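Heads up, the thing below is written out as structure tokens.
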Amino acid sequence: MAILRRPHGLRGEVMVSLETDFPERLQTGTRLFLSEDYTPVTIASRRPHADGLLLSFEEFPTHEAVQPFRNEPLFVSIEDRPPLPAGEYYHHQLFGMHVLDEGGENLGQLADILVTGANDVYLVRAADGEEILLPAIPQVILSVDPAAKQMRVHLLPGLRQPKKPNPDS
């Protein structure tokens with residue numbers, strides 16, 4: 001959602017770089033979670049500054065109090081995230097999905113998402129360690145079922161490397 005940068009001034013304000021499509025959620029009184037420890041914090045003040053925001057938190061009223069959290073991420077609770085349009089998913093909803101081809105063959109699980117400029121790329125890892133990179137485009141991703149933790153895909157030519165023969169057999 002956002003990254004705390006450097007403290008600003010003496011009253012506990014901190015520069016925040018935005019990493020969200022929904023910056024309007026960062027309002028005075030909003031409850032967020034700070035760092036990988038998920039420390040609860042409440043926004044005390046908010047104002048625009050340069051390419052980001054200056055925020056202060058009720059829990060950190062001074063420059064010294066907020067200083068240790070430099071470069072730490074801010075998170076929103078899953079319950080507070082805005083709904084996405086049909087057919088769009090948050091990354092955390094996709095991790096671990098079973099990926100099947102059109103014929104129902106299990107290709108593996110979605111292990112990572114590479115964010116590129118054009119479109120995301122899904123890294124699918126099979127039980128035997130084989131990895132397939134799938135561009136997240138409509139021609140490849142046919143359906144996503146978050147409830148079943150399942151994704152159906154169409155493998156375009158060249159997306160899957162042919163299996164190498166086992167020299168021991």
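Numbering starts fresh at 1 for the residues of each chain in the structure tokens, the chains themselves are lettered A, B, ... in the order given, and ligands are numbered from 1 as they appear.
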
I want to know what sits within 6 Å of region 70-82 of chain A, based on only C-alpha atoms, with residues of the same chain fewer than 2 positions away left out; could you give that as an mmCIF file with N, CA and C atoms, in the first residue's frame?
```
data_model
loop_
_atom_site.group_PDB
_atom_site.id
_atom_site.type_symbol
_atom_site.label_atom_id
_atom_site.label_comp_id
_atom_site.auth_asym_id
_atom_site.auth_seq_id
_atom_site.Cartn_x
_atom_site.Cartn_y
_atom_site.Cartn_z
ATOM 1 N N MET A 1 0.814 -1.189 0.000
ATOM 2 C CA MET A 1 0.000 0.000 0.000
ATOM 3 C C MET A 1 0.858 1.252 0.000
ATOM 4 N N ALA A 2 1.871 1.322 0.899
ATOM 5 C CA ALA A 2 2.740 2.495 0.983
ATOM 6 C C ALA A 2 4.013 2.110 1.722
ATOM 7 N N ILE A 3 5.045 2.946 1.545
ATOM 8 C CA ILE A 3 6.319 2.741 2.223
ATOM 9 C C ILE A 3 6.657 4.027 2.974
ATOM 10 N N LEU A 4 6.967 3.888 4.268
ATOM 11 C CA LEU A 4 7.433 5.041 5.037
ATOM 12 C C LEU A 4 8.844 5.363 4.571
ATOM 13 N N ARG A 5 9.103 6.615 4.338
ATOM 14 C CA ARG A 5 10.443 7.029 3.909
ATOM 15 C C ARG A 5 11.133 7.746 5.065
ATOM 16 N N ARG A 6 11.444 8.991 4.931
ATOM 17 C CA ARG A 6 12.194 9.688 5.975
ATOM 18 C C ARG A 6 11.261 10.554 6.823
ATOM 19 N N LEU A 32 -4.088 1.238 10.083
ATOM 20 C CA LEU A 32 -3.205 0.504 9.181
ATOM 21 C C LEU A 32 -2.291 -0.393 10.004
ATOM 22 N N PHE A 33 -1.437 -1.123 9.309
ATOM 23 C CA PHE A 33 -0.485 -2.002 9.971
ATOM 24 C C PHE A 33 0.903 -1.696 9.415
ATOM 25 N N LEU A 34 1.862 -1.537 10.310
ATOM 26 C CA LEU A 34 3.199 -1.082 9.969
ATOM 27 C C LEU A 34 4.213 -2.208 10.070
ATOM 28 N N SER A 35 5.039 -2.350 9.063
ATOM 29 C CA SER A 35 6.153 -3.290 8.963
ATOM 30 C C SER A 35 5.675 -4.734 8.935
ATOM 31 N N GLN A 67 11.340 7.609 13.495
ATOM 32 C CA GLN A 67 12.625 7.355 12.816
ATOM 33 C C GLN A 67 12.932 5.863 12.624
ATOM 34 N N PRO A 68 12.725 4.983 13.608
ATOM 35 C CA PRO A 68 13.072 3.563 13.414
ATOM 36 C C PRO A 68 12.270 2.864 12.317
#
```

So which residues touch Tyr122 (chain A) within 12 Å, counting only C-alpha atoms, skipping near sequence neighbours fewer than 5 positions away, as a ChimeraX atom specification? /A:91,94-99,108-116,131-137,140-141,151,153,159

Tell me, in Å to one decimal, how far CA of Val66 (chain A) is from CA of Arg25 (chain A).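 Those two atoms sit 20.9 Å apart.
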
Within 9 Å of Leu26 (chain A) using only C-alpha atoms, minus same-chain residues under 5 positions, as a list of chain:residue names: A:Arg31, A:Leu32, A:Ile43, A:Arg46, A:Leu55

Go ahead and save the picked residues with N, CA and C atoms, as a CSV table (one decimal), in the first residue's frame.
```
chain,number,residue,atom,x,y,z
A,31,ARG,N,-7.0,3.1,10.3
A,31,ARG,CA,-6.2,2.1,11.0
A,31,ARG,C,-5.4,1.3,9.9
A,32,LEU,N,-4.1,1.2,10.1
A,32,LEU,CA,-3.2,0.5,9.2
A,32,LEU,C,-2.3,-0.4,10.0
A,43,ILE,N,-3.7,6.9,11.5
A,43,ILE,CA,-3.3,8.1,10.9
A,43,ILE,C,-3.8,9.3,11.7
A,46,ARG,N,-2.7,14.0,7.6
A,46,ARG,CA,-2.3,13.6,6.2
A,46,ARG,C,-2.3,14.9,5.4
A,55,LEU,N,2.5,11.8,6.4
A,55,LEU,CA,1.5,11.3,7.4
A,55,LEU,C,2.1,11.4,8.7
```
